[in-house]
Amino acid sequence: MKSACDHAGWCRRPLFLTALLLVAATAAGAGLLFAWRAAPQHWPRQPLQHAPTARTVRPADWAELTLAGGPGGNDWVLLPDQPQQPPFQSPFTAAQRGFLAPQDCVECHADYCDTFQHTSHARTSSLPSTDTILGSLQPGHNVLTTARPELQFRMHAQNGSIVQTVELQYPPLRTVFTGSFPIDLVFGSGNHGQSYLWWNNDRLYQAHVSYLSEGDAWVNSPGPYYDGTVDFSRPVPLRCMECHVTWIGADPQEMNRFDRQTLIPGVTCVRCHGPAHEHVAFHRQHPEETRGKRIVNPAALSIERQNEICAQCHSAGEEHSSLFSYRPGEPLQQWLQPDLSASAESNADPHSANQLARLMQSPCFQQSGGFACTLCHDPHQNQSGSATYARHCRSCHQQNSCPEVQHPDTGSLAETRCVVCHMPARRDAQVAMQTRHGNIEALLRDHQIGIWPATATAERAKLADTLRQALQPQNNPQHSPGAQEGTAP
Ligand code: HEC
Ligand code: HEC
Ligand code: HEC
Ligand code: HEC
Ligand code: HEC
Ligand code: HEC
Ligand code: HEC
């Protein structure tokens with residue numbers, strides 16, 4: 001069986017060596033415009049469409065382009081092969097499987113749909129536009145430079161699409177190597193960042209350049225995307241889609257082959273409520289019925305079954321069968337055996353912080369008989385910035401059970417900020433991006449509620465600092481401990 005790492009986007013693994021160093025002459029039609037030209041007449045370069053016919057880069061040529069120090073030796077430009085079969089067509093549509101889009105709910109649940117569209121789930125995948133792509137396309141801000149001065153990536157509009165263009169200038173040989181890859185699908189709400197996918201005919205691949213919200217910057221994609229290399233060859237397997245889209249028809253034989261016409265973007269209603277076609281048909285026929293029929297309401301399930309709905313995507317584990325056929329309310333292990341071993345040091349892949357595993361390791365969870373993710377999270381609202389998680393802690397804990405809350409100075413601040421000390425936000429080394437300035441790691445919140453002495457010491461100092469600032473308003477009013485490790489809710 002596949003390991004989660006085969007599927008996950010943001011975990012470390014060796015370079016995808018099997019990708020071919022191939023520029024297929026037939027590629028242009030599918031949007032793969034990668035050309036290699038020797039000794040152009042003029043500098044700057046000619047537009048790509050005037051490029052001579054693309055050709056395979058022979059290893060002999062390649063050696064001359066390869067600079068010392070590349071992590072993969074000669075394989076530092078990776079491109080996929082051009083598929084030869086006719087495009088895959090799914091034998092059934094999403095609707096036939098009961099996977100309806102929120103548009104099919106809005107006539108009767110306008111209120112839910114209205115608030116839901118602003119959630120990270122709804123926005124976690126989308127078609128490309130200048131609104132959904134968060135990285136800047138403005139000249140001056142649309143370039144990712146690398147540690148190799150001759151290599152850069154430029155993000156820009158071209159012939160009605162938005163593309164990532166690789167620009168390799170190699171003056172010693174007067175060689176130009178340039179090619180554009182369309183952004184066809186946007187992954188990530190932008191809480192942390194976005195990755196971009198492109199269709200090579202019916203195969204889906206990840207693009208080299210991602211966007212990191214922290215610092216508002218273009219970056220090398222997380223995982224095995226080394227700075228100074230070019231990789232557009234990394235297949236996007238079914239598992240990524242299961243976590244980031246509502247549904248897409250997938251070829252069971254090939255890991256990254258899909259029917260792109262069938263895509264329902266976003267993680268939407270039916271992933272948590274199950275197939276809804278019978279529910280919709282019933283209520284259309286019985287407009288007088290006020291109780292919901294033929295649909296799963298997670299609140300009516302056991303805690304375990306409720307949390308398994310979330311564990312489809314917020315847990316590592318071994319997958320037995322595609323989650324596009326999982327039905328909320330059924331025991332999840334028939335589809336996915338959740339791996340509950342994640343620790344503070346190792347979140348286990350994929351790049352989700354394995355919230356279920358960590359939560360289940362908390363004394364709070366174990367000694368209270370357990371509780372649902374929805375104790376703290378409302379799946380129908382965007383909670384960022386507004387949620388007061390402390391009240392959920394207080395539903396079980398007396399204020400005064402915590403010595404920090406009783407502190408004569410900082411106690412009043414501590415009492416609204418339980419989670420900064422007891423659910424630390426940490427840099428996750430498994431979600432790292434290489435940049436020319438060093439590695440950047442994602443900041444995720446540990447769901448093991450507990451006593452974390454080092455975090456508490458640091459947070460106590462920050463609270464004292466906040467208090468000092470508040471008492472001296474003439475000091476720089478803009479200063480706030482802000483978006484640093486451990487702060488926020
Ligand atoms: C097991 C489910 C799972 C798989 C597989 C998965 N992701 Fe994710 N992804 C998540 C979750 C959950 C988050 C939110 C991270 C968190 O907060 O813990 C996330 C976050 C992200 C983000 C950042 C979104 C933000 O918050 O701004 C991007 C980009 C992303 N994933 C891309 C991918 C790509 C590309 C793949 C496949 C190559 C992939 N993911 C595979 C579950 C998954
Ligand atoms: C033709 C009207 C109609 C459509 C369309 C419709 N629903 Fe409902 N739904 C209802 C009614 C009526 C109820 C019961 C009253 C309520 O809870 O709002 C209900 C209740 C529910 C419930 C709660 C069930 C329970 O046991 O309490 C869920 C969940 C739900 N709908 C999900 C959906 C989803 C998801 C969609 C879209 C795929 C959808 N509905 C489309 C009419 C509809
Ligand atoms: C991430 C999972 C998730 C998504 C996505 C989701 N829901 Fe829910 N929904 C839940 C859970 C969990 C509950 C039970 C909440 C609770 O514990 O009260 C629920 C409850 C409901 C209810 C019943 C509320 C009640 O009165 O009991 C309705 C109706 C509903 N959802 C409709 C929708 C619609 C419509 C959408 C899409 C626009 C949607 N949901 C998207 C998880 C989800
Ligand atoms: C089909 C996959 C899937 C399911 C099911 C799912 N999630 Fe998520 N969830 C994601 C992904 C992917 C993200 C990252 C979204 C992003 O930022 O791009 C996410 C993000 C989140 C976030 C961060 C939201 C924010 O605004 O920062 C929370 C909280 C969350 N999920 C809770 C839940 C809970 C609770 C459930 C179950 C009721 C659930 N999820 C079910 C895939 C899923
Ligand atoms: C459903 C009830 C419940 C909720 C909600 C809850 N806890 Fe607990 N918590 C417990 C129980 C039961 C224990 C174990 C007995 C004890 O130490 O009081 C515990 C233990 C703890 C401990 C001691 C851990 C250790 O390692 O000894 C801390 C700290 C804590 N909780 C903080 C929190 C914080 C902060 C929140 C909110 C984010 C929270 N709890 C939410 C029930 C809960
Ligand atoms: C500034 C950091 C900080 C904040 C904020 C904070 N705590 Fe604590 N908390 C601690 C530390 C440190 C301990 C361990 C104290 C000890 O054992 O000496 C602790 C202990 C606890 C315990 C376990 C007490 C015991 O006797 O086992 C609970 C329960 C708890 N806190 C709940 C909360 C709740 C609820 C809030 C918010 C209302 C909160 N804490 C806010 C740092 C913090
Ligand atoms: C005791 C309260 C509590 C429970 C229960 C809880 N969470 Fe969270 N969760 C939080 C807090 C607090 C944050 C940080 C929110 C923020 O930074 O705005 C968070 C953040 C998240 C995020 C965003 C990623 C990140 O690291 O910031 C995801 C995804 C998530 N939770 C999923 C889940 C899932 C899945 C469950 C159930 C297995 C769950 N949570 C249960 C309190 C909780």
# chains A, B, ... in the order shown; residues from 1 in each chain; ligands from 1
call {"tool": "select_by_dssp", "arguments": {"residues": "stretch 128-341 of chain A", "states": "strand (DSSP E or B)", "output": "VMD selection string"}}
result
chain A and resid 143 to 145 151 to 158 161 to 170 175 to 182 185 to 187 193 to 200 203 to 206 209 to 212 217 to 220 230 to 231 234 to 235 245 to 250 257 to 266 316 to 319 336 to 339
call {"tool": "residues_near_ligand", "arguments": {"ligand": "ligand 3", "cutoff": "7 Å", "atoms": "only C-alpha atoms and all ligand atoms", "output": "compact mmCIF listing (two decimals) with N, CA and C atoms, in the first residue's frame"}}
result
# COMPACT_ATOMS: atom_id res chain seq x y z
N PRO A 102 -22.22 23.19 -3.33
CA PRO A 102 -23.03 24.08 -2.48
C PRO A 102 -24.13 24.79 -3.28
N CYS A 105 -27.41 23.40 -2.72
CA CYS A 105 -28.01 23.50 -1.39
C CYS A 105 -28.62 24.88 -1.15
N HIS A 109 -30.78 26.30 1.94
CA HIS A 109 -29.86 26.57 3.05
C HIS A 109 -29.02 27.80 2.75
N TYR A 112 -26.47 28.92 5.53
CA TYR A 112 -25.24 28.13 5.65
C TYR A 112 -24.29 28.42 4.49
N CYS A 113 -24.85 28.45 3.28
CA CYS A 113 -23.98 28.64 2.10
C CYS A 113 -23.30 30.00 2.16
N PHE A 116 -20.55 29.85 4.75
CA PHE A 116 -19.58 28.79 4.44
C PHE A 116 -18.58 29.21 3.37
N HIS A 121 -12.10 25.87 4.17
CA HIS A 121 -12.52 24.65 3.45
C HIS A 121 -13.06 25.02 2.08
N VAL A 267 -13.42 22.12 -0.34
CA VAL A 267 -13.93 21.03 0.50
C VAL A 267 -15.30 21.50 0.98
N THR A 268 -16.35 20.93 0.42
CA THR A 268 -17.68 21.50 0.66
C THR A 268 -18.62 20.50 1.32
N CYS A 269 -19.87 20.94 1.50
CA CYS A 269 -20.89 20.28 2.33
C CYS A 269 -20.86 18.75 2.30
N VAL A 270 -20.87 18.18 1.11
CA VAL A 270 -21.08 16.73 1.03
C VAL A 270 -19.92 15.90 1.57
N ARG A 271 -18.74 16.52 1.73
CA ARG A 271 -17.62 15.77 2.32
C ARG A 271 -17.86 15.49 3.80
N CYS A 272 -18.70 16.30 4.43
CA CYS A 272 -19.02 16.08 5.85
C CYS A 272 -20.44 15.56 6.04
N HIS A 273 -21.30 15.77 5.05
CA HIS A 273 -22.70 15.37 5.20
C HIS A 273 -23.07 14.17 4.33
N ASN A 297 -26.51 14.18 9.68
CA ASN A 297 -26.19 15.30 10.57
C ASN A 297 -25.13 14.79 11.55
N PRO A 298 -23.88 15.26 11.43
CA PRO A 298 -22.82 14.72 12.28
C PRO A 298 -23.14 14.82 13.77
N ALA A 299 -23.91 15.83 14.16
CA ALA A 299 -24.22 16.01 15.58
C ALA A 299 -24.95 14.79 16.15
N GLN A 306 -18.05 11.21 14.53
CA GLN A 306 -17.96 12.63 14.15
C GLN A 306 -16.53 13.01 13.81
N CYS A 310 -13.69 14.37 10.13
CA CYS A 310 -12.58 15.32 10.00
C CYS A 310 -11.27 14.57 9.71
N THR A 374 -15.72 19.83 16.72
CA THR A 374 -16.66 20.94 16.63
C THR A 374 -16.95 21.59 17.99
N PRO A 379 -17.71 24.43 11.51
CA PRO A 379 -17.33 24.21 10.11
C PRO A 379 -18.02 25.16 9.13
N HIS A 380 -19.04 25.88 9.59
CA HIS A 380 -19.79 26.72 8.64
C HIS A 380 -19.40 28.18 8.69
call {"tool": "residues_near_ligand", "arguments": {"ligand": "ligand 6", "cutoff": "9 Å", "atoms": "only C-alpha atoms and all ligand atoms", "output": "JSON list (two decimals) with C-alpha atoms, in the first residue's frame"}}
result
[["chain", "number", "residue", "atom", "x", "y", "z"],
["A", 364, "CYS", "CA", -8.41, 16.54, 28.44],
["A", 389, "TYR", "CA", -11.20, 29.43, 22.40],
["A", 390, "ALA", "CA", -10.76, 30.11, 26.12],
["A", 391, "ARG", "CA", -14.45, 29.71, 26.78],
["A", 392, "HIS", "CA", -14.25, 26.11, 25.57],
["A", 393, "CYS", "CA", -11.49, 25.42, 28.08],
["A", 394, "ARG", "CA", -13.56, 27.02, 30.80],
["A", 395, "SER", "CA", -16.47, 24.76, 30.01],
["A", 396, "CYS", "CA", -14.44, 22.08, 31.80],
["A", 397, "HIS", "CA", -11.80, 23.96, 33.84],
["A", 398, "GLN", "CA", -12.19, 26.39, 36.68],
["A", 399, "GLN", "CA", -10.38, 29.64, 35.94],
["A", 400, "ASN", "CA", -8.36, 29.30, 39.08],
["A", 401, "SER", "CA", -7.09, 25.82, 38.30],
["A", 402, "CYS", "CA", -4.24, 27.52, 36.41],
["A", 403, "PRO", "CA", -1.56, 29.36, 38.38],
["A", 404, "GLU", "CA", -0.88, 31.67, 35.42],
["A", 405, "VAL", "CA", -4.45, 32.87, 35.43],
["A", 410, "THR", "CA", -0.62, 39.09, 33.69],
["A", 411, "GLY", "CA", -3.48, 36.92, 34.92],
["A", 413, "LEU", "CA", -4.40, 38.58, 29.91],
["A", 414, "ALA", "CA", -3.77, 34.89, 30.51],
["A", 415, "GLU", "CA", -7.39, 34.16, 31.16],
["A", 416, "THR", "CA", -8.40, 34.83, 27.55],
["A", 417, "ARG", "CA", -5.35, 33.17, 26.05],
["A", 418, "CYS", "CA", -5.28, 29.63, 27.39],
["A", 419, "VAL", "CA", -4.31, 28.13, 24.06],
["A", 420, "VAL", "CA", -1.13, 30.15, 23.48],
["A", 421, "CYS", "CA", 0.47, 28.24, 26.37],
["A", 422, "HIS", "CA", -1.46, 24.99, 26.32],
["A", 450, "GLY", "CA", -1.06, 20.10, 27.91],
["A", 451, "ILE", "CA", 1.64, 21.77, 29.95],
["A", 452, "TRP", "CA", 4.50, 22.99, 27.75],
["A", 453, "PRO", "CA", 6.97, 24.69, 30.12],
["A", 454, "ALA", "CA", 9.23, 26.33, 27.50],
["A", 455, "THR", "CA", 6.25, 27.75, 25.61],
["A", 456, "ALA", "CA", 4.68, 28.98, 28.82],
["A", 457, "THR", "CA", 7.86, 30.80, 29.83],
["A", 458, "ALA", "CA", 8.10, 32.54, 26.48],
["A", 459, "GLU", "CA", 4.41, 33.40, 26.45],
["A", 460, "ARG", "CA", 4.51, 34.73, 30.00],
["A", 461, "ALA", "CA", 7.25, 37.15, 28.90],
["A", 462, "LYS", "CA", 5.14, 38.22, 25.92],
["A", 463, "LEU", "CA", 2.13, 38.84, 28.13]]
call {"tool": "select_by_dssp", "arguments": {"residues": "stretch 270-301 of chain A", "states": "alpha helix (DSSP H)", "output": "PyMOL selection string"}}
result
chain A and resi 270-273+277-285
call {"tool": "write_last_selection", "arguments": {"atoms": "C-alpha atoms", "output": "PDB file, in the first residue's frame"}}
result
ATOM      1  CA  VAL A 270     -21.079  16.730   1.026  1.00  0.00           C
ATOM      2  CA  ARG A 271     -17.616  15.769   2.320  1.00  0.00           C
ATOM      3  CA  CYS A 272     -19.021  16.076   5.849  1.00  0.00           C
ATOM      4  CA  HIS A 273     -22.703  15.367   5.197  1.00  0.00           C
ATOM      5  CA  HIS A 277     -29.002  13.723  -4.024  1.00  0.00           C
ATOM      6  CA  GLU A 278     -31.721  11.759  -2.218  1.00  0.00           C
ATOM      7  CA  HIS A 279     -32.034  14.490   0.397  1.00  0.00           C
ATOM      8  CA  VAL A 280     -32.484  17.177  -2.251  1.00  0.00           C
ATOM      9  CA  ALA A 281     -34.912  15.101  -4.300  1.00  0.00           C
ATOM     10  CA  PHE A 282     -36.970  14.310  -1.202  1.00  0.00           C
ATOM     11  CA  HIS A 283     -37.233  17.904  -0.007  1.00  0.00           C
ATOM     12  CA  ARG A 284     -38.034  19.210  -3.455  1.00  0.00           C
ATOM     13  CA  GLN A 285     -40.936  16.773  -3.533  1.00  0.00           C
TER      14      GLN A 285
END
call {"tool": "atom_distance", "arguments": {"atom1": "atom CA of A:Gln158", "atom2": "atom CA of A:Trp198"}}
result
14.6 Å
call {"tool": "closest_residue", "arguments": {"among": "A:Gln367, A:Thr124, A:Arg427, A:Gly385", "to": "ligand 5", "atoms": "only C-alpha atoms and all ligand atoms"}}
result
A:Gln367
call {"tool": "atom_distance", "arguments": {"atom1": "atom CA of A:Thr146", "atom2": "atom CA of A:Gly228"}}
result
5.4 Å
call {"tool": "residues_around", "arguments": {"residues": "A:Pro83", "least_positions_apart": "5", "cutoff": "9 Å", "atoms": "only C-alpha atoms", "output": "PyMOL selection string"}}
result
chain A and resi 200-203
call {"tool": "write_last_selection", "arguments": {"atoms": "C-alpha atoms", "output": "mmCIF file, in the first residue's frame"}}
result
data_model
loop_
_atom_site.group_PDB
_atom_site.id
_atom_site.type_symbol
_atom_site.label_atom_id
_atom_site.label_comp_id
_atom_site.auth_asym_id
_atom_site.auth_seq_id
_atom_site.Cartn_x
_atom_site.Cartn_y
_atom_site.Cartn_z
ATOM 1 C CA ASN A 200 -0.352 18.133 -18.863
ATOM 2 C CA ASN A 201 -3.202 16.777 -20.962
ATOM 3 C CA ASP A 202 -5.133 14.720 -18.362
ATOM 4 C CA ARG A 203 -2.252 14.377 -15.879
#
call {"tool": "residues_around", "arguments": {"residues": "stretch 248-251 of chain A", "least_positions_apart": "3", "cutoff": "12 Å", "atoms": "only C-alpha atoms", "output": "PDB file with C-alpha atoms, in the first residue's frame"}}
result
ATOM      1  CA  PRO A  87      -7.852  12.021 -22.201  1.00  0.00           C
ATOM      2  CA  PHE A  88      -9.434  10.050 -19.381  1.00  0.00           C
ATOM      3  CA  GLN A  89     -13.210  10.277 -19.120  1.00  0.00           C
ATOM      4  CA  SER A  90     -14.856   9.369 -15.841  1.00  0.00           C
ATOM      5  CA  PRO A  91     -17.600   6.740 -16.265  1.00  0.00           C
ATOM      6  CA  PHE A  92     -19.803   8.689 -13.851  1.00  0.00           C
ATOM      7  CA  THR A  93     -20.298  12.290 -12.752  1.00  0.00           C
ATOM      8  CA  ALA A  94     -20.077  13.727  -9.249  1.00  0.00           C
ATOM      9  CA  ALA A  95     -23.867  14.194  -9.154  1.00  0.00           C
ATOM     10  CA  GLN A  96     -24.422  10.526  -9.991  1.00  0.00           C
ATOM     11  CA  ARG A  97     -22.376   9.729  -6.879  1.00  0.00           C
ATOM     12  CA  PHE A  99     -21.552  14.675  -4.556  1.00  0.00           C
ATOM     13  CA  LEU A 100     -23.460  17.888  -5.097  1.00  0.00           C
ATOM     14  CA  ALA A 101     -21.913  21.349  -4.941  1.00  0.00           C
ATOM     15  CA  ASP A 202      -5.133  14.720 -18.362  1.00  0.00           C
ATOM     16  CA  ARG A 203      -2.252  14.377 -15.879  1.00  0.00           C
ATOM     17  CA  LEU A 204      -2.016  16.766 -12.998  1.00  0.00           C
ATOM     18  CA  VAL A 236      -0.436  15.261  -7.908  1.00  0.00           C
ATOM     19  CA  PRO A 237      -1.939  11.976  -6.734  1.00  0.00           C
ATOM     20  CA  LEU A 238      -5.513  11.172  -5.801  1.00  0.00           C
ATOM     21  CA  ARG A 239      -4.763  11.615  -2.097  1.00  0.00           C
ATOM     22  CA  CYS A 240      -4.079  15.349  -2.540  1.00  0.00           C
ATOM     23  CA  MET A 241      -7.397  15.684  -4.307  1.00  0.00           C
ATOM     24  CA  GLU A 242      -9.251  13.763  -1.611  1.00  0.00           C
ATOM     25  CA  CYS A 243      -8.095  16.308   0.965  1.00  0.00           C
ATOM     26  CA  HIS A 244      -8.349  19.490  -1.099  1.00  0.00           C
ATOM     27  CA  VAL A 245     -11.336  19.137  -3.457  1.00  0.00           C
ATOM     28  CA  GLU A 254      -2.936   5.957 -12.726  1.00  0.00           C
ATOM     29  CA  MET A 255      -2.072   8.087  -9.737  1.00  0.00           C
ATOM     30  CA  ASN A 256      -2.441  11.541 -11.278  1.00  0.00           C
ATOM     31  CA  ARG A 257      -4.893  11.022 -14.159  1.00  0.00           C
ATOM     32  CA  PHE A 258      -8.279  12.712 -13.811  1.00  0.00           C
ATOM     33  CA  ASP A 259     -11.333  13.866 -15.741  1.00  0.00           C
ATOM     34  CA  ARG A 260     -10.880  17.593 -15.241  1.00  0.00           C
ATOM     35  CA  GLN A 261     -14.442  18.392 -16.374  1.00  0.00           C
ATOM     36  CA  THR A 262     -15.845  16.681 -13.274  1.00  0.00           C
ATOM     37  CA  LEU A 263     -14.010  18.743 -10.666  1.00  0.00           C
ATOM     38  CA  ILE A 264     -15.938  20.283  -7.741  1.00  0.00           C
ATOM     39  CA  PRO A 265     -13.430  22.631  -6.128  1.00  0.00           C
ATOM     40  CA  GLY A 266     -13.262  23.390  -2.400  1.00  0.00           C
ATOM     41  CA  VAL A 267     -13.927  21.030   0.499  1.00  0.00           C
ATOM     42  CA  SER A 322     -10.612   6.082  -2.108  1.00  0.00           C
ATOM     43  CA  LEU A 323     -12.140   8.527   0.339  1.00  0.00           C
ATOM     44  CA  PHE A 324     -14.365   9.762  -2.472  1.00  0.00           C
ATOM     45  CA  SER A 325     -16.451   6.691  -1.673  1.00  0.00           C
TER      46      SER A 325
END
call {"tool": "residues_near_ligand", "arguments": {"ligand": "ligand 7", "cutoff": "7 Å", "atoms": "only C-alpha atoms and all ligand atoms", "output": "PDB file with N, CA and C atoms, in the first residue's frame"}}
result
ATOM      1  N   ASN A 307     -15.601  12.634  14.700  1.00  0.00           N
ATOM      2  CA  ASN A 307     -14.214  13.040  14.475  1.00  0.00           C
ATOM      3  C   ASN A 307     -13.607  12.326  13.276  1.00  0.00           C
ATOM      4  N   CYS A 310     -13.688  14.370  10.129  1.00  0.00           N
ATOM      5  CA  CYS A 310     -12.575  15.318  10.004  1.00  0.00           C
ATOM      6  C   CYS A 310     -11.271  14.573   9.714  1.00  0.00           C
ATOM      7  N   ALA A 311     -11.147  13.373  10.273  1.00  0.00           N
ATOM      8  CA  ALA A 311      -9.906  12.604  10.133  1.00  0.00           C
ATOM      9  C   ALA A 311      -9.648  12.168   8.691  1.00  0.00           C
ATOM     10  N   HIS A 314      -7.612  15.301   8.277  1.00  0.00           N
ATOM     11  CA  HIS A 314      -6.792  15.854   9.355  1.00  0.00           C
ATOM     12  C   HIS A 314      -6.088  14.759  10.132  1.00  0.00           C
ATOM     13  N   SER A 352      -0.733  18.048   7.122  1.00  0.00           N
ATOM     14  CA  SER A 352      -1.712  18.467   8.117  1.00  0.00           C
ATOM     15  C   SER A 352      -1.053  18.206   9.460  1.00  0.00           C
ATOM     16  N   ALA A 353      -1.446  18.917  10.472  1.00  0.00           N
ATOM     17  CA  ALA A 353      -0.779  18.779  11.760  1.00  0.00           C
ATOM     18  C   ALA A 353      -1.326  17.583  12.530  1.00  0.00           C
ATOM     19  N   GLN A 355      -4.247  16.751  13.651  1.00  0.00           N
ATOM     20  CA  GLN A 355      -4.961  17.261  14.815  1.00  0.00           C
ATOM     21  C   GLN A 355      -5.671  16.156  15.587  1.00  0.00           C
ATOM     22  N   LEU A 356      -6.238  15.182  14.888  1.00  0.00           N
ATOM     23  CA  LEU A 356      -6.975  14.142  15.616  1.00  0.00           C
ATOM     24  C   LEU A 356      -6.045  13.362  16.543  1.00  0.00           C
ATOM     25  N   LEU A 359      -4.921  15.559  19.484  1.00  0.00           N
ATOM     26  CA  LEU A 359      -6.001  15.832  20.435  1.00  0.00           C
ATOM     27  C   LEU A 359      -6.273  14.608  21.299  1.00  0.00           C
ATOM     28  N   PHE A 371     -14.256  14.489  23.139  1.00  0.00           N
ATOM     29  CA  PHE A 371     -15.153  15.512  22.610  1.00  0.00           C
ATOM     30  C   PHE A 371     -14.855  15.693  21.131  1.00  0.00           C
ATOM     31  N   ALA A 372     -15.772  16.370  20.462  1.00  0.00           N
ATOM     32  CA  ALA A 372     -15.651  16.501  19.010  1.00  0.00           C
ATOM     33  C   ALA A 372     -14.826  17.726  18.649  1.00  0.00           C
ATOM     34  N   CYS A 373     -14.230  17.692  17.453  1.00  0.00           N
ATOM     35  CA  CYS A 373     -13.520  18.856  16.917  1.00  0.00           C
ATOM     36  C   CYS A 373     -14.439  20.074  16.935  1.00  0.00           C
ATOM     37  N   THR A 374     -15.716  19.833  16.716  1.00  0.00           N
ATOM     38  CA  THR A 374     -16.661  20.944  16.626  1.00  0.00           C
ATOM     39  C   THR A 374     -16.947  21.587  17.990  1.00  0.00           C
ATOM     40  N   LEU A 375     -16.377  21.043  19.063  1.00  0.00           N
ATOM     41  CA  LEU A 375     -16.447  21.774  20.338  1.00  0.00           C
ATOM     42  C   LEU A 375     -15.838  23.165  20.141  1.00  0.00           C
ATOM     43  N   CYS A 376     -14.719  23.201  19.420  1.00  0.00           N
ATOM     44  CA  CYS A 376     -14.019  24.478  19.224  1.00  0.00           C
ATOM     45  C   CYS A 376     -14.175  25.054  17.824  1.00  0.00           C
ATOM     46  N   HIS A 377     -14.469  24.212  16.831  1.00  0.00           N
ATOM     47  CA  HIS A 377     -14.507  24.689  15.441  1.00  0.00           C
ATOM     48  C   HIS A 377     -15.914  24.606  14.871  1.00  0.00           C
ATOM     49  N   SER A 384     -11.413  32.708  11.796  1.00  0.00           N
ATOM     50  CA  SER A 384     -10.090  33.268  12.055  1.00  0.00           C
ATOM     51  C   SER A 384     -10.215  34.681  12.621  1.00  0.00           C
ATOM     52  N   GLY A 385      -9.457  34.928  13.660  1.00  0.00           N
ATOM     53  CA  GLY A 385      -9.425  36.253  14.264  1.00  0.00           C
ATOM     54  C   GLY A 385     -10.532  36.500  15.275  1.00  0.00           C
ATOM     55  N   TYR A 389     -11.291  30.842  22.041  1.00  0.00           N
ATOM     56  CA  TYR A 389     -11.205  29.431  22.396  1.00  0.00           C
ATOM     57  C   TYR A 389     -11.229  29.223  23.913  1.00  0.00           C
ATOM     58  N   HIS A 392     -14.098  27.562  25.665  1.00  0.00           N
ATOM     59  CA  HIS A 392     -14.246  26.106  25.571  1.00  0.00           C
ATOM     60  C   HIS A 392     -13.435  25.414  26.667  1.00  0.00           C
ATOM     61  N   CYS A 393     -12.294  25.990  26.996  1.00  0.00           N
ATOM     62  CA  CYS A 393     -11.488  25.421  28.080  1.00  0.00           C
ATOM     63  C   CYS A 393     -12.268  25.574  29.386  1.00  0.00           C
ATOM     64  N   VAL A 419      -4.908  29.013  25.066  1.00  0.00           N
ATOM     65  CA  VAL A 419      -4.306  28.133  24.061  1.00  0.00           C
ATOM     66  C   VAL A 419      -2.890  28.545  23.678  1.00  0.00           C
ATOM     67  N   MET A 423      -1.687  25.023  23.879  1.00  0.00           N
ATOM     68  CA  MET A 423      -1.708  24.420  22.539  1.00  0.00           C
ATOM     69  C   MET A 423      -0.686  25.196  21.696  1.00  0.00           C
ATOM     70  N   ALA A 425       1.824  26.966  19.193  1.00  0.00           N
ATOM     71  CA  ALA A 425       2.042  27.043  17.747  1.00  0.00           C
ATOM     72  C   ALA A 425       3.510  26.770  17.493  1.00  0.00           C
ATOM     73  N   LEU A 443       3.896  27.329  10.416  1.00  0.00           N
ATOM     74  CA  LEU A 443       3.565  27.464  11.832  1.00  0.00           C
ATOM     75  C   LEU A 443       2.217  26.780  12.061  1.00  0.00           C
ATOM     76  N   LEU A 444       2.216  25.695  12.810  1.00  0.00           N
ATOM     77  CA  LEU A 444       0.973  24.962  13.054  1.00  0.00           C
ATOM     78  C   LEU A 444       0.758  24.792  14.552  1.00  0.00           C
ATOM     79  N   ARG A 445      -0.508  24.638  14.922  1.00  0.00           N
ATOM     80  CA  ARG A 445      -0.827  24.593  16.347  1.00  0.00           C
ATOM     81  C   ARG A 445      -0.957  23.151  16.823  1.00  0.00           C
ATOM     82  N   ASP A 446      -0.202  22.850  17.867  1.00  0.00           N
ATOM     83  CA  ASP A 446      -0.249  21.503  18.414  1.00  0.00           C
ATOM     84  C   ASP A 446      -1.594  21.288  19.102  1.00  0.00           C
ATOM     85  N   HIS A 447      -2.274  20.213  18.727  1.00  0.00           N
ATOM     86  CA  HIS A 447      -3.570  19.927  19.335  1.00  0.00           C
ATOM     87  C   HIS A 447      -3.482  19.034  20.557  1.00  0.00           C
ATOM     88  N   ALA A 488      -1.543  34.851  18.891  1.00  0.00           N
ATOM     89  CA  ALA A 488      -2.810  34.766  18.142  1.00  0.00           C
ATOM     90  C   ALA A 488      -4.001  34.583  19.064  1.00  0.00           C
ATOM     91  N   PRO A 489      -4.652  33.390  19.118  1.00  0.00           N
ATOM     92  CA  PRO A 489      -5.991  33.398  19.707  1.00  0.00           C
ATOM     93  C   PRO A 489      -5.981  33.730  21.187  1.00  0.00           C
TER      94      PRO A 489
END
call {"tool": "closest_residue", "arguments": {"among": "A:Thr290, A:Ser341, A:Gln152, A:Gln366", "to": "ligand 2", "atoms": "only C-alpha atoms and all ligand atoms"}}
result
A:Thr290
call {"tool": "closest_residue", "arguments": {"among": "A:Ser120, A:Ala342, A:Pro287, A:Trp335", "to": "A:Glu107", "atoms": "only C-alpha atoms"}}
result
A:Pro287
call {"tool": "closest_residue", "arguments": {"among": "A:Asp409, A:Asp216, A:Asp104, A:Asp465", "to": "ligand 2", "atoms": "only C-alpha atoms and all ligand atoms"}}
result
A:Asp104
